[in-house]
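*Asks:* First the structure, which I've put down as structure tokens, then a few questions once you've had a look.
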Amino acid sequence: MSDVLLDVNHLGYRPAGRDVLDDVSFTVQRGDFLAILGPNGAGKTSLIRHIHRILPVQRGRIHLQGLPLERISHRRLATIAAYVPQAKGYVPPYRVADFLLMSRYPYQGPFRPSGAADERRVGEALAVVGMTDFAHRFLDTLSGGERQKIYIAAAMVQDTEMVVLDEPTTFLDPHHAGDIFRLLRLLNREQGKTMLMVSHEVNPALQLAQQVLCLQAGRVLFRGTPAQLLARDVLSRLFAVPFGRYDLHGPGAPPHVYLPVEEP
Amino acid sequence: MSRSARAGYLFVLLLAGSLAVPLAMTLAGSSWISPADIFTPGFGESPAGKIFWQIRIPRVLTGFLVGAALAVAGMVFQAIFRNSLATPFTLGVSSGASFGAALAVKAGLVFTFLGLPGITLCAFGTAVLAIFLIYFLTSLRREFSTEAMLLAGVAMSFFFSAAILVVQYLSDFAGSFQLVRWLMGNLDMVGYARPLQLLAMIIPCLVLVWWFCPALNLLLTGDELALTRGVHVRRTRYVMFFTVSLLTAAVVSFCGPIGFVGMMVPHMLRLVLGLDHRRLIWAVIFGGGAFLTACDGLARAVIAPVEIPVGIITALLGGPFFLWLLIRRREQRFFL
């Protein structure tokens with residue numbers, strides 16, 4: 001088995017004549033953590049919607065586990081890649097445990113209903129995200145941070161090789177965002193899951209990721225490691241605002257963070 | 001008692017009630033039958049016995065099947081459109097059927113084919129035509145959209161309603177009266193041939209809906225979440241649309257449009273039992289069947305020997321109860 005899990009080749013997407021994605025190519029190795037950075041409207045969400053076949057691939061090709069994406073059924077795809085959406089908008093009032101159990105759908109059928117093993121998975125996932133007490137709460141009564149953790153637990157219950165996250169911390173306060181990033185690190189380092197994360201939080205993304213993909217106006221601006229990205233000052237070009245390095249002092253703090261520089 | 005235990009308890013209670021109510025309703029009508037009589041020897045040969053076996057039982061059976069089918073159709077439409085206002089009649093399938101019935105009455109078609117009367121066949125034919133028209137109109141757009149389907153269906157519904165009025169306007173007094181009675185819905189069936197035909201059409205549809213229940217559960221969480229958990233969203237919507245549309249077409253062409261069951265029963269049971277369709281479908285089948293047989297029993301008994309059309313009872317009885325249930329619950333969070 002090759003080490004390349006996801007291979008995106010010259011992917012293009014032109015709804016209504018506007019280039020949302022233009023000639024995007026990259027690969028993701030098994031076990032990698034890829035952060036996808038870019039300004040609003042750069043095509044990040046369109047990219048992950050293609051990977052999940054929410055949008056059909058019209059230009060270029062995507063291979064997952066060596067197979068062309070269009071030859072992988074939705075059900076099979078759901079056993080390879082799990083999607084963690086943003087914790088916003090309407091959710092139906094399912095109980096948390098029932099909602100998590102629904103992530104076993106791709107493994108089930110009318111004559112293969114969920115069993116004790118599936119429920120054990122749900123219990124384990126809830127324990128990992130620290131939400132065991134929430135098993136019988138209704139999904140729509142949870143806060144954004146709690147709901148995001150449940151979505152991550154759902155991805156764990158889905159038991160896939162790859163987890164794709166769309167701005168998992170956008171609506172969260174720093175405390176909850178920190179919890180989420182710790183969880184993602186655990187998923188990647190200890191459970192060996194391949195991670196793809198779209199994020200606007202530059203610093204945690206650079207700390208977590210082994211690989212960074214920067215998209216600007218639908219094109220790949222940069223592909224490489226966080227160290228290469230910082231060495232070439234990609235952030236300033238990417239977001240069209242100068243970034244500077246700020247050294248921090250204090251126990252437990254990261255040594256430095258990168259922030260936009262205030263114009264004089 | 002825990003919430004899930006309470007739901008389980010309610011579920012069992014509902015199933016028991018759903019079997020008791022239709023049984024009791026076989027006794028009600030313009031002449032009451034005492035349960036003791038049924039077990040006396042020679043009952044089958046007596047006039048009461050004939051009424052019981054040839055009229056009451058087929059009628060209760062029909063009522064149960066129609067109620068169950070319409071309630072399941074409503075449940076599925078509400079799930080695929082994620083809208084609790086959707087009913088089996090929202091998409092114009094029943095207006096399509098009614099139009100066919102109107103044409104048959106106007107043309108004076110009196111024939112039977114495969115044991116089915118002309119009016120039923122015409123109604124079913126135009127209902128199927130309506131289904132394919134809605135499908136065609138929806139698929140004209142590149143992307144599937146539930147809004148487009150709803151709008152196409154509602155437009156069809158208005159169109160057929162107007163066409164029915166035209167036919168009715170052009171009909172003579174007798175034809176017009178016959179049509180009005182048909183449009184009020186009617187469960188009167190003598191003998192077992194027609195309930196069994198109905199059963200044969202309903203069973204495959206119910207099995208297919210049961211098959212798709214886990215997918216319907218996921219559909220409620222949103223298209224993206226459902227898709228990324230392995231549900232083929234578009235296929236699920238189309239298969240379910242055709243299945244329950246055919247179900248509705250079958251029922252309406254046999255018995256005329258009987259309103260309110262399809263909207264109210266699934267909504268009510270969802271409030272009580274929650275959203276899990278794998279459980280809900282059984283409750284909806286038995287609850288819908290029991291509700292319609294109860295309404296029909298009342299329709300026969302209230303001002304006996306005159307029968308009130310059952311559709312009037314469902315709305316008169318169900319409407320206020322439904323409103324009470326809605327107002328009693330503070331939170332309205334089951335659908336948008």
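Ordering of the structure tokens sets the chain letters (A, B, ...); residue numbers start at 1 within each chain; ligands are numbered from 1 in the order shown.
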Using only C-alpha atoms, find each residue of chain A with at least one atom at most 9 Å away from an atom of chain B; report its shortest atom-to-atom pair and that distance in Å (one decimal), sort the rows by chain and rising residue number, and return the result as CSV.
*Replies:*
```
residue,atom,partner,partner_atom,distance
A:Arg49,CA,B:Glu224,CA,8.9
A:His52,CA,B:Thr228,CA,6.4
A:Arg53,CA,B:Thr228,CA,8.2
A:Ile54,CA,B:Glu224,CA,6.9
A:Ser73,CA,B:Gly230,CA,7.9
A:His74,CA,B:Gly230,CA,4.7
A:Arg75,CA,B:Gly230,CA,3.7
A:Arg76,CA,B:Gly230,CA,6.9
A:Leu77,CA,B:Gly230,CA,6.8
A:Ala78,CA,B:Gly230,CA,4.9
A:Thr79,CA,B:Gly230,CA,7.9
A:Ala81,CA,B:Thr228,CA,7.9
A:Ala82,CA,B:Thr228,CA,6.6
A:Tyr83,CA,B:Thr228,CA,6.1
A:Val84,CA,B:Leu225,CA,8.4
A:Pro85,CA,B:Leu225,CA,7.7
A:Tyr90,CA,B:Leu336,CA,7.8
A:Val91,CA,B:Thr221,CA,6.0
A:Pro92,CA,B:Thr221,CA,6.1
A:Pro93,CA,B:Phe334,CA,6.4
A:Tyr94,CA,B:Leu275,CA,6.9
A:Asp98,CA,B:Asp276,CA,8.6
A:Phe99,CA,B:Leu218,CA,8.7
A:Met102,CA,B:Leu218,CA,7.0
A:Ser103,CA,B:Arg229,CA,6.1
A:Arg104,CA,B:Arg229,CA,7.9
A:Tyr105,CA,B:Arg229,CA,6.5
A:Pro106,CA,B:Gly230,CA,5.3
A:Gly109,CA,B:Trp211,CA,8.3
A:Pro110,CA,B:Trp211,CA,5.8
A:Asp140,CA,B:Arg333,CA,8.3
A:Gln158,CA,B:Arg229,CA,7.8
```
*Asks:* Dump N, CA and C atoms for the selected residues as an mmCIF file, in the first residue's frame?
*Replies:*
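Saved file result_27.cif follows:
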```
data_model
loop_
_atom_site.group_PDB
_atom_site.id
_atom_site.type_symbol
_atom_site.label_atom_id
_atom_site.label_comp_id
_atom_site.auth_asym_id
_atom_site.auth_seq_id
_atom_site.Cartn_x
_atom_site.Cartn_y
_atom_site.Cartn_z
ATOM 1 N N ARG A 49 -15.056 20.335 0.053
ATOM 2 C CA ARG A 49 -16.348 19.822 -0.438
ATOM 3 C C ARG A 49 -16.124 18.887 -1.629
ATOM 4 N N HIS A 52 -15.001 15.429 -0.334
ATOM 5 C CA HIS A 52 -16.098 14.614 0.209
ATOM 6 C C HIS A 52 -17.197 14.324 -0.810
ATOM 7 N N ARG A 53 -16.957 14.669 -2.061
ATOM 8 C CA ARG A 53 -17.960 14.452 -3.119
ATOM 9 C C ARG A 53 -19.264 15.186 -2.846
ATOM 10 N N ILE A 54 -19.195 16.246 -2.036
ATOM 11 C CA ILE A 54 -20.378 17.097 -1.911
ATOM 12 C C ILE A 54 -20.505 17.875 -3.224
ATOM 13 N N SER A 73 -18.088 4.931 -3.767
ATOM 14 C CA SER A 73 -19.467 5.288 -3.424
ATOM 15 C C SER A 73 -19.466 6.167 -2.176
ATOM 16 N N HIS A 74 -20.580 6.874 -1.985
ATOM 17 C CA HIS A 74 -20.679 7.724 -0.799
ATOM 18 C C HIS A 74 -20.501 6.902 0.471
ATOM 19 N N ARG A 75 -21.098 5.706 0.449
ATOM 20 C CA ARG A 75 -21.027 4.856 1.634
ATOM 21 C C ARG A 75 -19.580 4.441 1.911
ATOM 22 N N ARG A 76 -18.867 4.041 0.867
ATOM 23 C CA ARG A 76 -17.478 3.616 1.040
ATOM 24 C C ARG A 76 -16.615 4.805 1.447
ATOM 25 N N LEU A 77 -16.873 5.959 0.818
ATOM 26 C CA LEU A 77 -16.113 7.164 1.141
ATOM 27 C C LEU A 77 -16.256 7.494 2.626
ATOM 28 N N ALA A 78 -17.461 7.257 3.166
ATOM 29 C CA ALA A 78 -17.706 7.570 4.573
ATOM 30 C C ALA A 78 -16.950 6.637 5.507
ATOM 31 N N THR A 79 -16.413 5.526 4.974
ATOM 32 C CA THR A 79 -15.585 4.668 5.819
ATOM 33 C C THR A 79 -14.107 5.053 5.718
ATOM 34 N N ALA A 81 -13.118 8.704 4.972
ATOM 35 C CA ALA A 81 -12.934 10.084 5.420
ATOM 36 C C ALA A 81 -14.155 10.561 6.190
ATOM 37 N N ALA A 82 -13.906 11.164 7.347
ATOM 38 C CA ALA A 82 -14.993 11.745 8.147
ATOM 39 C C ALA A 82 -14.915 13.263 8.039
ATOM 40 N N TYR A 83 -16.060 13.897 8.077
ATOM 41 C CA TYR A 83 -16.140 15.342 7.897
ATOM 42 C C TYR A 83 -16.634 15.969 9.199
ATOM 43 N N VAL A 84 -15.919 16.966 9.671
ATOM 44 C CA VAL A 84 -16.333 17.680 10.873
ATOM 45 C C VAL A 84 -16.757 19.077 10.453
ATOM 46 N N PRO A 85 -18.053 19.363 10.418
ATOM 47 C CA PRO A 85 -18.506 20.681 9.963
ATOM 48 C C PRO A 85 -18.362 21.723 11.065
ATOM 49 N N TYR A 90 -28.727 25.217 12.375
ATOM 50 C CA TYR A 90 -29.749 24.361 12.962
ATOM 51 C C TYR A 90 -29.265 22.927 13.135
ATOM 52 N N VAL A 91 -29.547 22.343 14.274
ATOM 53 C CA VAL A 91 -29.397 20.882 14.426
ATOM 54 C C VAL A 91 -30.703 20.326 14.961
ATOM 55 N N PRO A 92 -31.093 19.143 14.497
ATOM 56 C CA PRO A 92 -32.316 18.546 15.037
ATOM 57 C C PRO A 92 -32.065 18.027 16.444
ATOM 58 N N PRO A 93 -33.108 17.940 17.257
ATOM 59 C CA PRO A 93 -32.918 17.563 18.660
ATOM 60 C C PRO A 93 -32.718 16.070 18.867
ATOM 61 N N TYR A 94 -31.642 15.534 18.306
ATOM 62 C CA TYR A 94 -31.280 14.164 18.617
ATOM 63 C C TYR A 94 -30.539 14.149 19.947
ATOM 64 N N ASP A 98 -27.474 9.076 20.475
ATOM 65 C CA ASP A 98 -28.139 8.612 19.242
ATOM 66 C C ASP A 98 -27.462 9.209 18.013
ATOM 67 N N PHE A 99 -27.126 10.506 18.121
ATOM 68 C CA PHE A 99 -26.467 11.186 17.010
ATOM 69 C C PHE A 99 -25.130 10.515 16.691
ATOM 70 N N MET A 102 -25.375 7.304 14.854
ATOM 71 C CA MET A 102 -25.713 7.446 13.440
ATOM 72 C C MET A 102 -24.468 7.507 12.562
ATOM 73 N N SER A 103 -23.315 7.805 13.162
ATOM 74 C CA SER A 103 -22.071 7.824 12.388
ATOM 75 C C SER A 103 -21.642 6.430 11.974
ATOM 76 N N ARG A 104 -22.285 5.402 12.489
ATOM 77 C CA ARG A 104 -21.977 4.026 12.078
ATOM 78 C C ARG A 104 -22.736 3.647 10.824
ATOM 79 N N TYR A 105 -23.521 4.588 10.275
ATOM 80 C CA TYR A 105 -24.366 4.295 9.115
ATOM 81 C C TYR A 105 -23.640 3.567 7.979
ATOM 82 N N PRO A 106 -22.428 4.004 7.573
ATOM 83 C CA PRO A 106 -21.804 3.332 6.420
ATOM 84 C C PRO A 106 -21.491 1.863 6.668
ATOM 85 N N GLY A 109 -26.718 -1.834 7.693
ATOM 86 C CA GLY A 109 -27.737 -2.051 6.681
ATOM 87 C C GLY A 109 -29.006 -2.450 7.384
ATOM 88 N N PRO A 110 -30.090 -2.653 6.599
ATOM 89 C CA PRO A 110 -31.362 -3.008 7.228
ATOM 90 C C PRO A 110 -31.248 -4.270 8.078
ATOM 91 N N ASP A 140 -29.319 20.042 20.307
ATOM 92 C CA ASP A 140 -29.585 21.471 20.091
ATOM 93 C C ASP A 140 -29.502 22.279 21.378
ATOM 94 N N GLN A 158 -17.069 7.241 13.562
ATOM 95 C CA GLN A 158 -17.128 6.850 12.151
ATOM 96 C C GLN A 158 -15.921 6.005 11.761
#
```
*Asks:* Name the residues in contact with Ala5 of chain B at a cut-off of 12 Å, using only C-alpha atoms, excluding same-chain residues fewer than 6 positions from it; report them as a list in words.
*Replies:*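 Counting only the stated atoms, we get Phe11, Val12 and Leu273 of chain B.
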*Asks:* Pick from B:Leu271, B:Leu19, B:Ala250, B:Leu208: nearest to Ser84 of chain B, with only C-alpha atoms counted?
*Replies:*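 Smallest distance to Ser84 of chain B is found for B:Leu271.
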*Asks:* Could you give me, as number ranges by chain, each residue of segment 2-173 of chain B that DSSP assigns to alpha helix (DSSP H) when run on this structure's backbone?
*Replies:* B: 3-25, 35-38, 47-50, 57-80, 93-107, 118-139, 146-170, 173
*Asks:* For the residues in the current selection, export C-alpha atoms as a compact mmCIF listing (two decimals), in the first residue's frame.
*Replies:*
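The new file selection-v1.txt reads:
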```txt
# COMPACT_ATOMS: atom_id res chain seq x y z
CA ARG B 3 -37.00 9.37 29.31
CA SER B 4 -36.19 6.41 27.11
CA ALA B 5 -38.15 4.04 29.37
CA ARG B 6 -41.08 6.43 29.21
CA ALA B 7 -40.87 6.52 25.42
CA GLY B 8 -40.76 2.72 25.32
CA TYR B 9 -43.78 2.53 27.62
CA LEU B 10 -45.70 4.98 25.45
CA PHE B 11 -44.74 2.99 22.40
CA VAL B 12 -46.15 -0.26 23.77
CA LEU B 13 -49.28 1.52 24.96
CA LEU B 14 -49.75 3.01 21.52
CA LEU B 15 -49.39 -0.34 19.78
CA ALA B 16 -51.91 -1.95 22.14
CA GLY B 17 -54.36 0.91 21.63
CA SER B 18 -53.88 0.77 17.89
CA LEU B 19 -55.07 -2.80 17.80
CA ALA B 20 -57.89 -2.31 20.32
CA VAL B 21 -59.43 0.72 18.58
CA PRO B 22 -60.00 -0.90 15.16
CA LEU B 23 -61.41 -4.01 16.84
CA ALA B 24 -63.86 -1.90 18.80
CA MET B 25 -64.81 0.05 15.67
CA PRO B 35 -69.35 -8.49 21.15
CA ALA B 36 -71.25 -11.38 22.75
CA ASP B 37 -73.25 -11.91 19.54
CA ILE B 38 -70.14 -12.60 17.51
CA PRO B 47 -78.10 -10.17 9.09
CA ALA B 48 -75.85 -8.73 11.81
CA GLY B 49 -73.26 -11.32 10.95
CA LYS B 50 -73.37 -10.37 7.28
CA ILE B 57 -64.43 -5.75 8.89
CA PRO B 58 -63.50 -4.74 5.30
CA ARG B 59 -64.23 -1.14 6.15
CA VAL B 60 -62.13 -1.11 9.31
CA LEU B 61 -59.38 -2.90 7.42
CA THR B 62 -59.50 -0.29 4.67
CA GLY B 63 -59.52 2.55 7.19
CA PHE B 64 -56.51 1.11 8.96
CA LEU B 65 -54.55 0.65 5.72
CA VAL B 66 -55.41 4.12 4.42
CA GLY B 67 -54.61 5.80 7.74
CA ALA B 68 -51.30 3.96 8.03
CA ALA B 69 -50.32 4.68 4.42
CA LEU B 70 -51.17 8.39 4.55
CA ALA B 71 -49.41 8.84 7.90
CA VAL B 72 -46.25 7.12 6.64
CA ALA B 73 -46.36 9.20 3.46
CA GLY B 74 -46.63 12.34 5.59
CA MET B 75 -43.73 11.23 7.79
CA VAL B 76 -41.49 10.69 4.78
CA PHE B 77 -42.46 13.96 3.06
CA GLN B 78 -41.76 15.84 6.30
CA ALA B 79 -38.36 14.20 6.55
CA ILE B 80 -37.19 14.65 2.96
CA VAL B 93 -50.42 13.96 -6.12
CA SER B 94 -53.89 13.86 -4.63
CA SER B 95 -55.15 16.75 -6.80
CA GLY B 96 -53.81 14.77 -9.74
CA ALA B 97 -55.76 11.73 -8.61
CA SER B 98 -58.87 13.82 -8.01
CA PHE B 99 -58.62 15.27 -11.50
CA GLY B 100 -58.54 11.77 -12.96
CA ALA B 101 -61.57 10.83 -10.88
CA ALA B 102 -63.35 13.97 -12.07
CA LEU B 103 -62.64 13.08 -15.71
CA ALA B 104 -63.92 9.54 -15.16
CA VAL B 105 -67.12 10.82 -13.59
CA LYS B 106 -67.64 13.39 -16.35
CA ALA B 107 -67.00 10.88 -19.09
CA GLY B 118 -62.58 2.91 -13.97
CA ILE B 119 -62.66 5.82 -11.56
CA THR B 120 -59.85 4.28 -9.49
CA LEU B 121 -57.75 3.54 -12.55
CA CYS B 122 -58.21 7.04 -13.96
CA ALA B 123 -57.35 8.60 -10.61
CA PHE B 124 -54.24 6.46 -10.26
CA GLY B 125 -53.19 7.24 -13.83
CA THR B 126 -53.39 11.00 -13.46
CA ALA B 127 -51.70 10.82 -10.03
CA VAL B 128 -48.76 8.97 -11.58
CA LEU B 129 -48.73 11.57 -14.37
CA ALA B 130 -48.57 14.29 -11.72
CA ILE B 131 -45.68 12.50 -9.98
CA PHE B 132 -43.65 12.35 -13.20
CA LEU B 133 -44.47 15.96 -14.04
CA ILE B 134 -43.15 17.08 -10.65
CA TYR B 135 -40.06 14.95 -11.13
CA PHE B 136 -39.53 16.36 -14.62
CA LEU B 137 -39.98 19.96 -13.47
CA THR B 138 -37.58 19.42 -10.56
CA SER B 139 -34.92 17.77 -12.71
CA THR B 146 -36.17 20.67 -2.33
CA GLU B 147 -37.57 24.18 -2.74
CA ALA B 148 -37.93 23.65 -6.48
CA MET B 149 -39.71 20.36 -5.88
CA LEU B 150 -42.04 21.89 -3.29
CA LEU B 151 -42.87 24.83 -5.54
CA ALA B 152 -43.42 22.59 -8.57
CA GLY B 153 -45.70 20.38 -6.48
CA VAL B 154 -47.70 23.25 -5.05
CA ALA B 155 -48.11 24.76 -8.51
CA MET B 156 -49.32 21.39 -9.83
CA SER B 157 -51.73 21.15 -6.96
CA PHE B 158 -53.30 24.51 -7.80
CA PHE B 159 -53.40 23.68 -11.48
CA PHE B 160 -55.25 20.39 -10.93
CA SER B 161 -57.61 21.98 -8.41
CA ALA B 162 -58.60 24.53 -11.03
CA ALA B 163 -58.97 21.79 -13.65
CA ILE B 164 -61.25 19.85 -11.28
CA LEU B 165 -63.43 22.93 -10.85
CA VAL B 166 -63.70 23.27 -14.63
CA VAL B 167 -64.80 19.64 -14.99
CA GLN B 168 -67.23 20.03 -12.12
CA TYR B 169 -68.67 23.24 -13.59
CA LEU B 170 -69.28 21.48 -16.87
CA PHE B 173 -76.03 17.84 -11.17
```
*Asks:* Apply DSSP to the backbone of this structure and, from segment 13-98 of chain A, keep only the residues in strand (DSSP E or B); write these as a ChimeraX atom specification.
*Replies:* /A:13,21-29,33-37,59-64,67-68,81-84,95
*Asks:* If we count only C-alpha atoms and set the cut-off at 8 Å, which residues sit around segment 180-183 of chain A, ignoring sequence neighbours fewer than 6 positions away in its own chain? Please answer as number ranges by chain.
*Replies:* A: 129, 148-149, 168-169, 204, 208
*Asks:* Please identify all polymer residues within 9 Å of Leu247 of chain B, counting only C-alpha atoms, omitting same-chain residues fewer than 4 positions from it, and present them as a list in words.
*Replies:*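 Final neighbour list, sorted by chain and number: Ala69, Leu70, Ala73, Met201, Ile202, Cys205, Leu206, Phe242, Thr243, Val251 and Val252 of chain B.
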*Asks:* Identify, on the basis of only C-alpha atoms, every residue whose closest approach to Gly12 of chain A does not exceed 10 Å; exclude the query and any residue fewer than 3 positions from it along the same chain; express the result as a list in words.
*Replies:*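 Non-adjacent residues within range: Asn9, Pro15, Asp19, Val20, Leu21, Asp22, Asp23, Val24, Ser25, Leu47, His50, Val57, Gln58, Arg59, Gly60, Arg61, Gly218 and Arg219 of chain A.
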*Asks:* Do you know which residues are at most 9 Å from segment 229-232 of chain A counting only C-alpha atoms, after dropping those on the same chain fewer than 6 positions away, and could you put them as a CSV table (one decimal) with C-alpha atoms, in the first residue's frame?
*Replies:*
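The resulting file, part-v4.csv, is reproduced below:
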```csv
chain,number,residue,atom,x,y,z
A,212,VAL,CA,0.7,23.5,5.1
A,222,PHE,CA,2.5,27.6,-1.0
A,223,ARG,CA,3.0,24.0,-0.2
```
*Asks:* Within 10 Å of Val4 of chain A, counting only C-alpha atoms, which residues qualify if same-chain residues fewer than 4 places away don't, as number ranges by chain?
*Replies:* A: 27-32, 63-66
*Asks:* Grab the residues selected above and save them as a tab-separated table (two decimals), in the first residue's frame with N, CA and C atoms.
*Replies:*
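Listed below is the output, part-v2.tsv:
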```
chain	number	residue	atom	x	y	z
A	27	THR	N	-0.53	16.43	-2.46
A	27	THR	CA	-0.76	15.07	-1.95
A	27	THR	C	-0.72	15.12	-0.43
A	28	VAL	N	-1.40	14.16	0.16
A	28	VAL	CA	-1.35	14.02	1.62
A	28	VAL	C	-0.89	12.61	1.92
A	29	GLN	N	0.17	12.49	2.73
A	29	GLN	CA	0.69	11.18	3.13
A	29	GLN	C	-0.15	10.63	4.29
A	30	ARG	N	-0.12	9.32	4.39
A	30	ARG	CA	-0.80	8.69	5.54
A	30	ARG	C	-0.21	9.22	6.84
A	31	GLY	N	-1.08	9.59	7.78
A	31	GLY	CA	-0.62	10.04	9.09
A	31	GLY	C	-0.24	11.51	9.15
A	32	ASP	N	-0.29	12.19	8.02
A	32	ASP	CA	0.05	13.62	7.99
A	32	ASP	C	-1.03	14.48	8.63
A	63	HIS	N	-7.63	11.35	-6.25
A	63	HIS	CA	-7.51	9.94	-5.91
A	63	HIS	C	-7.46	9.81	-4.40
A	64	LEU	N	-8.22	8.84	-3.89
A	64	LEU	CA	-8.19	8.56	-2.46
A	64	LEU	C	-7.87	7.09	-2.31
A	65	GLN	N	-6.88	6.76	-1.51
A	65	GLN	CA	-6.40	5.37	-1.38
A	65	GLN	C	-6.11	4.78	-2.76
A	66	GLY	N	-5.62	5.61	-3.66
A	66	GLY	CA	-5.26	5.14	-4.99
A	66	GLY	C	-6.42	4.98	-5.95
```
*Asks:* When you draw a straight line from atom CA of Met189 of chain B to atom CA of Ile55 of chain B, how long is it in Å?
*Replies:*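 Between these atoms lies a distance of 6.7 Å.
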